[in-house]
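What follows is a short report on a single structure.
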Amino acid sequence: MQMKKTITDRVSWVGKVDWELTTFHGEEYSTWRGSSYNSYLVRDEKTALIDTVWLPFAEEFVSNLKQTVDLNTIDYIIVNHAEIDHSGALPLLMKEIPDKPIYCTKNGIKSLQGHYHQDWNFVPVKTGDTIQLGSTSLVFVEAPMLHWPDSMFTYMTGENILFSNDAFGQHYATELLYNDLVDQCELFAEAIKYYANILTPFSSLVTKKINEVLDLGLPVDMICPSHGVIWRKDPLQIVQKYLAWADSYQENQITIVYDTMWNATRRMAEAIAEGIQESDGSATIKLMNAGKEDKNDIITEVFRSKAILVGSPTINRRYLSSIGAFFEIIRGLRFSGKKAAAFGSYGWSGESVKLMAEDLAEAGFELVDEGCRVMWKPDGDALDACRDFGRRFGQAL
């Protein structure tokens with residue numbers, strides 16, 4: 001049973017660490033390090049509960065909460081975001097305390113009603129609205145599209161804590177709770193993966209909202225997100241990371257994403273990588289087989305890259321299905337400031353390279369070459385041509 005953890009004299013963590021979670025958003029997001037559903041109990045003269053947990057843990061959550069606090073003494077329920085992983089225990093909790101007010105945005109009301117078809121005691125809030133708890137208060141800040149239209153932050157005065165919901169979180173299971181206690185490589189690997197796969201399409205809104213919050217000049221001693229660790233040591237470091245990631249982020253990296261049927265396209269990928277290395281020896285080059293590697297890990301590497309190449313043989317006058325799935329994802333994520341080109345092998349008609357180039361352009365990548373095609377299995381001359389293509393690509397960057 002997951003019990004409470006004390007954060008300050010007034011604030012406790014009452015969430016759930018999910019060590020077994022391997023996928024999220026259905027099967028769309030891989031969570032190799034599990035996750036947590038962070039719920040917070042705030043007690044002053046008045047008591048507030050900020051968010052709940054995912055539906056499968058609803059009974060456990062309510063049972064544990066009863067051991068921590070008399071449910072009838074909860075004065076306010078705050079729903080920063082209505083997605084099921086945050087609000088899943090709400091129906092069971094509201095059976096216990098049906099008349100308690102639920103504070104959320106207007107879009108939050110729509111979302112909660114859409115999920116649960118209940119007409120609870122909703123109180124809509126907007127930026128600047130405040131609940132006085134006693135010597136402290138809760139201030140609400142709307143954060144639409146970070147990452148849903150209903151999202152908001154809650155700031156606690158006195159304790160100087162920003163309850164940031166999905167922003168600044170990670171899918172990362174740990175019993176250690178705080179950013180300074182966990183493995184930093186693991187933490188930031190999950191943080192950038194989270195941003196790359198979930199928040200990239202909203203980068204302009206991320207920058208605007210962060211600057212809006214920073215301009216308020218509020219002291220921030222802790223950032224408490226809804227997933228992963230609490231940022232207590234230098235908490236604004238993750239805010240600065242978000243500002244960097246939102247600004248057409250790229251490292252000196254080139255990622256080659258490909259799939260292959262009989263290894264012809266794989267051999268092309270490797271030869272192209274050799275050519276790039278000759279022309280741009282300082283760049284990190286990563287080859288990733290889209291048919292074998294995790295799609296979210298691939299997207300994270302694309303996010304980190306200044307340029308990508310995409311390769312596939314031609315099949316049924318198109319390209320392989322893993323590459324099709326890849327294009328579907330990057331169209332939605334809307335990366336900016338990255339360059340690209342396509343390559344592939346073929347036996348008969350050879351349409352894949354042209355189609356991939358079109359899809360790359362549609363997804364917002366700047367094409368720097370018309371692409372590279374090889375018929376059948378590449379021989380020595382063909383592999384030399386691939387190396388030349390790689391050299392030209394590296395020089396174009």
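Simple scheme: letters A, B, ... for chains in structure tokens order, numbers from 1 for residues in each chain, numbers from 1 for ligands in the order shown.
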Exercise. Quick one: everything within 8 Å of Ser35 (chain A), counting only C-alpha atoms, minus sequence neighbours fewer than 3 positions away in the same chain. Send it as a list in words.
Key: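 Neighbouring residues, sequence-local ones excluded: Val17, Asp18, Trp19, Leu21, Thr31, Gln170, His171, Tyr172, Ala173, Thr174, His227 and Gly228 of chain A.
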Exercise. As number ranges by chain, please: all residues of region 149-319 of chain A that backbone DSSP puts in strand (DSSP E).
Key: A: 152-156, 161-165, 222-225, 253-258, 284-289, 307-311
Emit the selected residues as a CSV table (one decimal), in the first residue's frame, including C-alpha atoms.
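That gives us out_34.csv:
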```csv
chain,number,residue,atom,x,y,z
A,152,MET,CA,-3.8,24.7,-15.4
A,153,PHE,CA,-1.2,25.2,-12.7
A,154,THR,CA,-1.8,25.8,-9.0
A,155,TYR,CA,0.6,27.9,-7.0
A,156,MET,CA,0.7,27.8,-3.2
A,161,ILE,CA,5.2,25.5,-4.6
A,162,LEU,CA,4.1,25.3,-8.2
A,163,PHE,CA,1.8,22.3,-8.8
A,164,SER,CA,2.5,22.2,-12.5
A,165,ASN,CA,0.5,19.1,-13.6
A,222,MET,CA,9.5,23.6,-5.5
A,223,ILE,CA,7.9,22.4,-8.6
A,224,CYS,CA,5.5,19.4,-8.0
A,225,PRO,CA,4.4,17.8,-11.3
A,253,GLN,CA,23.4,15.1,-34.1
A,254,ILE,CA,22.1,13.4,-37.2
A,255,THR,CA,19.7,10.5,-36.9
A,256,ILE,CA,19.2,8.0,-39.7
A,257,VAL,CA,15.8,6.3,-39.5
A,258,TYR,CA,15.3,3.3,-41.8
A,284,THR,CA,26.9,12.3,-33.4
A,285,ILE,CA,25.3,9.9,-35.9
A,286,LYS,CA,22.7,7.4,-34.8
A,287,LEU,CA,21.1,4.7,-36.9
A,288,MET,CA,17.7,3.5,-35.8
A,289,ASN,CA,15.7,0.7,-37.5
A,307,ALA,CA,19.0,16.8,-39.4
A,308,ILE,CA,17.6,13.3,-40.2
A,309,LEU,CA,17.6,10.9,-43.1
A,310,VAL,CA,14.8,8.5,-43.7
A,311,GLY,CA,15.2,5.3,-45.7
```
Exercise. Fewer than 3 positions away in the same chain doesn't count, so skip those; otherwise give me all residues within 9 Å of region 192-194 of chain A, counting only C-alpha atoms, as a ChimeraX atom specification.
Key: /A:168-171,187-189,197-199,241-242,245,296-297,299-301,303-304
Self-check item: Selection near region 205-209 of chain A, 9 Å with only C-alpha atoms, sequence-local residues under 6 positions removed, as a list in words
Solution: Glu142, Ala143, Pro144, Met145, Leu146, Ala167, Leu199, Tyr242, Leu243, Ala246 and Asp247 of chain A
Quiz item: So which residues touch region 41-50 of chain A within 6 Å, counting only C-alpha atoms, skipping near sequence neighbours fewer than 3 positions away, as JSON, numbers by chain?
Solution: {"A": [10, 11, 12, 74, 75, 76, 77, 78, 133, 134]}
Practice problem: Enter the distance from CA of Asp183 (chain A) to CA of Asn252 (chain A), in Å, rounded to one decimal. | Solution: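 We find that CA of Asp183 (chain A) and CA of Asn252 (chain A) lie 24.4 Å from each other.
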Self-check item: Proximity to Phe202 (chain A) - best of A:Phe335, A:Tyr319, A:Phe365, A:Phe326, only C-alpha atoms
Solution: A:Phe335
Exercise. Point out the residue among A:Lys338, A:Lys354, A:Lys292, A:Arg387 with the least atom-to-atom distance to Arg318 (chain A), counting only C-alpha atoms.
Key: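 For Arg318 (chain A), the nearest of the given residues is A:Lys354.
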